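Peer 1: Mind having a look at this structure? Questions to follow.
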Amino acid sequence: MSEEHQDAVPEVDASDAAADAVAVTDDPTKAFSFSPEREKKYEEIVRRYPTRLSAIMPMLWLCQDEWGWLKPGVPEWVAARLEVPISRVYEIISFYTMYYTENPGTYNLQVCRNISCHMAGSGKITKHLCKKLGVGLNETDSEGRFRVEEVECLGACGMGPMMQVGKDFYEHLTEEKVDELIEQWRRDG
Amino acid sequence: MADCPKILSARFEEPDSHTLAVYESHGGYTALRKALTELDPDRVREEVKSAGLRGRGGAGFPTGVKWGFVPQNTGKKVYLLVNSDESEPGTFKDRYILDYDPHLMIEGAILSSFAIHSNDCFIYIRGEYGWLVDRVQAAVDEAYAKGYLGKNILGSGYDLEMIVHKGAGAYICGEETGLINSLEGRKGQPRIKPPFPAVVGFLDCPTIVNNVETVAAVPWIVNHGAAEYRKVGTEKSPGTKLFSLSGPVKRPGVYEVPLGLPLEDLIFGEDYGQGMRDGIELKACIPGGSSVPILTAEETLDVNLDYESLAEKGTMLGSGGCIVIGDDANMPELLKVLLRFYHHESCGQCTPCREGTGWLDELVGRLIDGRGRPNDLELIEKLCSGMAGLTICVLSDAAVMPTRSFIQKFRADFEALLPRTQQPEAYVPTTSAAELGRR
Ligand SMILES: Cc1cc2nc3c(=O)[nH]c(=O)nc-3n(C[C@H](O)[C@H](O)[C@H](O)COP(=O)(O)O)c2cc1C
Ligand code: FES
């Protein structure tokens, strides 16, 4: 867990808070809000999961789906809404690798580095990506759009080299295929 | 093998095989109907027990026997947790079931829940399989809409709730008690056994954790009976199993094979891997996922794919992640790749594992970088003996097994990295790691 998030406060517009005598931020459960569709999912989770603690993981996923990452204040909001200790929320955020407390950039290129992909040449793909984007491993490019990361086996061992970007898997990668994908994403913005 | 029934993979290549309509048109959910109308839970459990189905998650424990450990009438809920955390390097078979036949897993999970008197089932899917979470959720929604899930299933009076739970990236959550802790909203750190989950599991209730492929075999067994299932495979390893084949073979992929098939056939057979890619010779094979001991080429060509034959060769069937290694591979480098993984994935609870995996990673790394010391191989062995069998779960052993077997069976490759002088501190490498790597 990064230090800065330990005492992070919910993001609020100071002028709003000042204008409103009973600032909405006095109620920590109101610091953020989901889109109506996600709010419905949230209610379903709380109804169906046997304990509030076991609902933390799906709740964090909902937040990440909504905002792309766990922005400052969101963990505190999760704790307040689920009525669980904040320490339990951070226990989960810090243990699991897929919850992001920093904005990973629009295209987080996660190349598998495990054994089958390694034999299939994943190292070359990673190097090529870094060179092409002008970044080192685990670095985001100057525009904050692309990041290159190495990850462990993703369950595509027969289709390596491969990478995951968002929910999608890109398999049987070659340098040419990677070039095309990046051009495509650059055009998409 | 043409005469081997397709118990798990029958619909993998069918268009829209993930939909309820296609599943039903292939006789889907008839086993459920049969169980709920003609059989009782004990009969389903007995059938699975006589079929000799063994857990496909790695340990190979007889499924019906495990189900029998669930105490009845304790007044507590009973849970079935379907383990879809699939993260063992070299394994990608559960993914095929979830992707191409999610209803097979769902029907199997309902039957398994019925057999253990459970009304609550979770499907725990690894977070990286995000698109499969959506796919399985869609299938579960279809099953609810059709009355295969929920209250009073098919008018039988049997209720089952099924929740699809998404993991968030941790290999250790595949270990059954790590999975339970994760589902309780904790770090996925394994628990000491006993008590076993069948008695004290999720929320301290009786809990069965089963692999996706295990429950996926249950509908066929209920439909065709234990005797038919036993006609496939061997006496002690009945039935079929999915193998994930990767490495430099012509046709990598997921294949359903009758247990007892020669490993050579899986790699070279026309119906399976079709042999090594041109210009590459077989050097070694890890038959059951990265955690099991490696086999030399000779051993690979002389073993059958069943629990006993592989055990005789000192290895394991594990998850069926068959990683083929060619003569172009650099063994120390491959071991380093695996050790980096175990080091990264150790949950940190037990000192031998947390520190040991780090040291193994470091030691093999320094050998490769030309910073090795003359007695490093002995030091590695000493570390291994301080790690195996001494921890809460077997992740520690999972790091030791490849380490020992790689070094024992490909010792010359590792010895070549040792400094030749007897003055460790003064040793200056003359060959760079990169050159050694491309030897
Ligand atoms: C470190 C570790 C990781 C594991 N990962 C998985 C996994 O991803 N999937 C799985 O089904 N079993 C996994 N297992 C095995 C489970 O602990 C458990 O034995 C299995 O899910 C039981 O189901 P089965 O009897 O149907 O095989 C793992 C075990 C260990 C020690
Ligand atoms: S080794 Fe890369 S996906 Fe499994």
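Order determines the names: the first chain of the structure tokens is A, the second B, and so forth; residues in each chain are numbered 1 upward, and ligands are numbered 1 upward as they are shown.
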Please identify all residues of chain B having at least one atom at most 6 Å from any atom of chain A, considering only C-alpha atoms, and return them as a PyMOL selection string.

Peer 2: chain B and resi 89-92+130-131+168-169+183-185+187+246-247+252-253

Peer 1: Could you take the residues named above and write them with all heavy atoms, as a short mmCIF file (atom, residue, chain, number, x, y, z; two decimals), in the first residue's frame?

Peer 2:
data_model
loop_
_atom_site.label_atom_id
_atom_site.label_comp_id
_atom_site.auth_asym_id
_atom_site.auth_seq_id
_atom_site.Cartn_x
_atom_site.Cartn_y
_atom_site.Cartn_z
N PRO B 89 1.46 -22.30 -13.81
CA PRO B 89 2.08 -22.11 -15.12
C PRO B 89 2.02 -23.37 -15.99
O PRO B 89 2.28 -24.47 -15.51
CB PRO B 89 3.51 -21.72 -14.76
CG PRO B 89 3.36 -20.99 -13.46
CD PRO B 89 2.30 -21.75 -12.73
N GLY B 90 1.63 -23.19 -17.22
CA GLY B 90 1.50 -24.31 -18.15
C GLY B 90 0.09 -24.85 -18.22
O GLY B 90 -0.19 -25.77 -19.00
N THR B 91 -0.84 -24.28 -17.44
CA THR B 91 -2.20 -24.83 -17.38
C THR B 91 -3.21 -23.84 -17.96
O THR B 91 -3.27 -22.70 -17.54
CB THR B 91 -2.58 -25.11 -15.91
OG1 THR B 91 -1.49 -25.80 -15.29
CG2 THR B 91 -3.83 -25.95 -15.82
N PHE B 92 -3.99 -24.30 -18.93
CA PHE B 92 -5.02 -23.41 -19.50
C PHE B 92 -6.25 -24.19 -19.93
O PHE B 92 -6.94 -23.84 -20.87
CB PHE B 92 -4.45 -22.58 -20.67
CG PHE B 92 -3.68 -23.36 -21.71
CD1 PHE B 92 -4.22 -23.61 -22.97
CD2 PHE B 92 -2.39 -23.80 -21.45
CE1 PHE B 92 -3.50 -24.30 -23.95
CE2 PHE B 92 -1.66 -24.49 -22.42
CZ PHE B 92 -2.22 -24.74 -23.66
N GLY B 130 -11.03 -11.96 -16.93
CA GLY B 130 -12.16 -11.05 -16.81
C GLY B 130 -13.28 -11.33 -17.80
O GLY B 130 -14.46 -11.31 -17.46
N TRP B 131 -12.89 -11.65 -19.03
CA TRP B 131 -13.94 -11.88 -20.03
C TRP B 131 -14.68 -13.17 -19.77
O TRP B 131 -15.85 -13.32 -20.12
CB TRP B 131 -13.35 -11.82 -21.45
CG TRP B 131 -12.83 -13.11 -21.99
CD1 TRP B 131 -13.48 -13.95 -22.82
CD2 TRP B 131 -11.56 -13.72 -21.74
NE1 TRP B 131 -12.70 -15.04 -23.11
CE2 TRP B 131 -11.52 -14.93 -22.47
CE3 TRP B 131 -10.44 -13.37 -20.97
CZ2 TRP B 131 -10.40 -15.78 -22.45
CZ3 TRP B 131 -9.35 -14.21 -20.96
CH2 TRP B 131 -9.34 -15.39 -21.68
N ALA B 168 -8.50 -11.45 -7.84
CA ALA B 168 -7.83 -10.19 -8.18
C ALA B 168 -6.33 -10.36 -8.33
O ALA B 168 -5.56 -9.45 -8.05
CB ALA B 168 -8.17 -9.13 -7.15
N GLY B 169 -5.92 -11.57 -8.80
CA GLY B 169 -4.52 -11.73 -9.12
C GLY B 169 -3.68 -12.22 -7.96
O GLY B 169 -2.99 -11.44 -7.34
N LEU B 183 -12.21 -15.51 -0.13
CA LEU B 183 -13.66 -15.33 -0.25
C LEU B 183 -14.25 -14.73 1.02
O LEU B 183 -15.30 -14.09 0.98
CB LEU B 183 -14.29 -16.71 -0.53
CG LEU B 183 -15.57 -16.75 -1.32
CD1 LEU B 183 -15.47 -15.98 -2.62
CD2 LEU B 183 -15.92 -18.22 -1.65
N GLU B 184 -13.56 -14.91 2.12
CA GLU B 184 -14.02 -14.28 3.37
C GLU B 184 -13.59 -12.83 3.46
O GLU B 184 -13.85 -12.16 4.46
CB GLU B 184 -13.48 -15.05 4.59
CG GLU B 184 -14.18 -16.38 4.81
CD GLU B 184 -13.73 -17.06 6.09
OE1 GLU B 184 -12.95 -16.47 6.85
OE2 GLU B 184 -14.17 -18.20 6.31
N GLY B 185 -12.89 -12.36 2.42
CA GLY B 185 -12.47 -10.97 2.43
C GLY B 185 -11.16 -10.74 3.15
O GLY B 185 -10.96 -9.73 3.81
N LYS B 187 -6.59 -11.57 3.02
CA LYS B 187 -5.47 -11.96 2.17
C LYS B 187 -5.64 -13.45 1.87
O LYS B 187 -6.11 -14.19 2.74
CB LYS B 187 -4.15 -11.77 2.92
CG LYS B 187 -3.77 -10.32 3.10
CD LYS B 187 -2.41 -10.18 3.76
CE LYS B 187 -2.56 -10.18 5.26
NZ LYS B 187 -1.43 -9.58 5.97
N SER B 246 1.85 -27.23 -24.16
CA SER B 246 2.53 -26.01 -24.62
C SER B 246 4.00 -26.30 -24.85
O SER B 246 4.49 -27.39 -24.53
CB SER B 246 2.36 -24.88 -23.60
OG SER B 246 3.07 -25.17 -22.42
N GLY B 247 4.71 -25.35 -25.41
CA GLY B 247 6.11 -25.55 -25.76
C GLY B 247 6.25 -25.73 -27.26
O GLY B 247 5.26 -25.60 -27.99
N PRO B 252 0.18 -26.98 -30.29
CA PRO B 252 -0.15 -26.84 -28.86
C PRO B 252 -1.65 -26.68 -28.70
O PRO B 252 -2.35 -26.33 -29.67
CB PRO B 252 0.58 -25.55 -28.45
CG PRO B 252 1.10 -24.91 -29.67
CD PRO B 252 0.82 -25.79 -30.86
N GLY B 253 -2.16 -26.91 -27.51
CA GLY B 253 -3.60 -26.75 -27.29
C GLY B 253 -4.08 -27.58 -26.12
O GLY B 253 -3.28 -28.14 -25.37
#

Peer 1: Looking only at the backbone, which of the residues in stretch 24-167 of chain B does DSSP tag as alpha helix (DSSP H), as a ChimeraX atom specification?

Peer 2: /B:24-25,30-38,41-51,63-68,93-100,102-115,130-145

Peer 1: Select, from B:Asp159, B:Glu256, B:Glu107, B:Glu213, the residue with the minimum atom-to-atom distance to ligand 1, counting only C-alpha atoms and all ligand atoms.

Peer 2: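 Checking each of B:Asp159, B:Glu256, B:Glu107, B:Glu213 against ligand 1, counting only C-alpha atoms and all ligand atoms, the winner is B:Glu213.
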
Peer 1: Return the single residue from B:Leu263, B:Ala10, B:Ala226, B:Ala416 that is closest to B:Asp302, with distances computed using only C-alpha atoms.

Peer 2: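 Checking each of B:Leu263, B:Ala10, B:Ala226, B:Ala416 against B:Asp302, counting only C-alpha atoms, the winner is B:Leu263.
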
Peer 1: I'd like to know which of A:Ile125, A:Met163, A:Leu82, A:Leu109 is closest to A:Glu139, using only C-alpha atoms.

Peer 2: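 Among the listed residues, A:Leu109 lies closest to A:Glu139.
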
Peer 1: What does the list of residues within 6 Å of ligand 1 look like if you count only C-alpha atoms and all ligand atoms, written as a PyMOL selection string?

Peer 2: chain B and resi 55-61+63+83-88+172+174-176+209-211+214+393-395

Peer 1: Please return, as a ChimeraX atom specification, all residues of stretch 168-405 of chain B that DSSP assigns to strand (DSSP E) on the basis of the backbone.

Peer 2: /B:207-211,240-246,253-258,261-262,282-286,295-296,304-305,321-326

Peer 1: Next, dump the selected residues to file, keeping only N, CA and C atoms, as a short mmCIF file (atom, residue, chain, number, x, y, z; two decimals), in the first residue's frame.

Peer 2:
data_model
loop_
_atom_site.label_atom_id
_atom_site.label_comp_id
_atom_site.auth_asym_id
_atom_site.auth_seq_id
_atom_site.Cartn_x
_atom_site.Cartn_y
_atom_site.Cartn_z
N THR B 207 -17.24 -27.20 3.89
CA THR B 207 -17.00 -26.63 2.57
C THR B 207 -16.23 -27.60 1.70
N ILE B 208 -16.71 -27.78 0.49
CA ILE B 208 -15.95 -28.57 -0.48
C ILE B 208 -15.42 -27.63 -1.55
N VAL B 209 -14.11 -27.75 -1.81
CA VAL B 209 -13.51 -27.01 -2.91
C VAL B 209 -13.21 -28.03 -4.01
N ASN B 210 -13.74 -27.79 -5.19
CA ASN B 210 -13.47 -28.68 -6.32
C ASN B 210 -13.04 -27.87 -7.53
N ASN B 211 -12.16 -28.47 -8.30
CA ASN B 211 -11.71 -27.85 -9.54
C ASN B 211 -12.82 -27.86 -10.60
N THR B 240 -11.30 -39.63 -18.33
CA THR B 240 -10.47 -38.82 -19.22
C THR B 240 -9.96 -37.61 -18.46
N LYS B 241 -8.98 -36.94 -19.05
CA LYS B 241 -8.46 -35.71 -18.44
C LYS B 241 -8.06 -34.75 -19.54
N LEU B 242 -8.24 -33.47 -19.24
CA LEU B 242 -7.78 -32.46 -20.19
C LEU B 242 -6.30 -32.18 -19.93
N PHE B 243 -5.51 -32.18 -20.99
CA PHE B 243 -4.11 -31.77 -20.88
C PHE B 243 -3.90 -30.49 -21.66
N SER B 244 -3.20 -29.56 -21.04
CA SER B 244 -2.82 -28.32 -21.72
C SER B 244 -1.42 -28.54 -22.26
N LEU B 245 -1.28 -28.54 -23.55
CA LEU B 245 0.02 -28.83 -24.16
C LEU B 245 0.64 -27.53 -24.67
N SER B 246 1.85 -27.23 -24.16
CA SER B 246 2.53 -26.01 -24.62
C SER B 246 4.00 -26.30 -24.85
N GLY B 253 -2.16 -26.91 -27.51
CA GLY B 253 -3.60 -26.75 -27.29
C GLY B 253 -4.08 -27.58 -26.12
N VAL B 254 -5.41 -27.65 -25.97
CA VAL B 254 -6.00 -28.44 -24.89
C VAL B 254 -6.60 -29.70 -25.49
N TYR B 255 -6.21 -30.87 -24.97
CA TYR B 255 -6.69 -32.13 -25.51
C TYR B 255 -7.27 -33.00 -24.41
N GLU B 256 -8.40 -33.61 -24.70
CA GLU B 256 -8.98 -34.56 -23.77
C GLU B 256 -8.43 -35.94 -24.11
N VAL B 257 -7.78 -36.57 -23.14
CA VAL B 257 -7.20 -37.88 -23.41
C VAL B 257 -7.70 -38.89 -22.39
N PRO B 258 -7.77 -40.17 -22.81
CA PRO B 258 -8.09 -41.20 -21.82
C PRO B 258 -6.89 -41.34 -20.90
N LEU B 261 -2.87 -42.83 -21.42
CA LEU B 261 -2.29 -42.62 -22.75
C LEU B 261 -0.79 -42.36 -22.59
N PRO B 262 0.05 -42.96 -23.48
CA PRO B 262 1.48 -42.65 -23.38
C PRO B 262 1.71 -41.15 -23.60
N LEU B 282 13.28 -32.99 -28.78
CA LEU B 282 12.75 -33.04 -27.41
C LEU B 282 13.91 -33.11 -26.42
N LYS B 283 13.90 -32.22 -25.43
CA LYS B 283 14.94 -32.28 -24.40
C LYS B 283 14.37 -32.71 -23.05
N ALA B 284 13.16 -32.25 -22.76
CA ALA B 284 12.58 -32.54 -21.45
C ALA B 284 11.09 -32.23 -21.49
N CYS B 285 10.38 -32.59 -20.41
CA CYS B 285 8.96 -32.30 -20.35
C CYS B 285 8.54 -32.19 -18.89
N ILE B 286 7.74 -31.17 -18.60
CA ILE B 286 7.15 -31.05 -17.26
C ILE B 286 5.69 -31.45 -17.44
N LEU B 295 10.83 -34.24 -16.37
CA LEU B 295 11.26 -35.54 -16.91
C LEU B 295 12.29 -35.30 -18.02
N THR B 296 13.28 -36.18 -18.12
CA THR B 296 14.22 -36.10 -19.24
C THR B 296 13.49 -36.61 -20.50
N ASN B 304 3.29 -43.27 -19.00
CA ASN B 304 1.90 -43.05 -19.38
C ASN B 304 1.28 -41.94 -18.54
N LEU B 305 0.26 -41.31 -19.11
CA LEU B 305 -0.40 -40.21 -18.41
C LEU B 305 -1.48 -40.72 -17.47
N GLY B 321 -0.82 -29.73 -16.92
CA GLY B 321 -0.17 -28.70 -17.74
C GLY B 321 1.13 -29.25 -18.27
N CYS B 322 1.09 -29.74 -19.50
CA CYS B 322 2.24 -30.46 -20.06
C CYS B 322 3.12 -29.48 -20.84
N ILE B 323 4.28 -29.16 -20.25
CA ILE B 323 5.17 -28.17 -20.84
C ILE B 323 6.32 -28.90 -21.52
N VAL B 324 6.35 -28.85 -22.85
CA VAL B 324 7.38 -29.54 -23.61
C VAL B 324 8.57 -28.60 -23.78
N ILE B 325 9.76 -29.14 -23.60
CA ILE B 325 10.97 -28.32 -23.68
C ILE B 325 11.88 -28.85 -24.77
N GLY B 326 12.35 -27.99 -25.63
CA GLY B 326 13.18 -28.39 -26.76
C GLY B 326 14.66 -28.25 -26.46
#

Peer 1: Quick check, in Å to one decimal: how far apart do atom CA of B:Leu301 and atom CA of B:Glu228 lie?

Peer 2: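 Atom CA of B:Glu228 lies 29.4 Å from atom CA of B:Leu301.
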
Peer 1: Go through B:Glu415, B:Lys93, B:Arg135, B:Phe114 and flag the residue nearest ligand 2, using only C-alpha atoms and all ligand atoms for the distances.

Peer 2: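 Using only C-alpha atoms and all ligand atoms, ligand 2 sits closest to B:Lys93.
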
Peer 1: For ligand 2, which residue out of A:His128, A:His172, A:Arg145, A:Arg47 is the nearest one, using only C-alpha atoms and all ligand atoms?

Peer 2: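 For ligand 2, the nearest of the given residues is A:His172.
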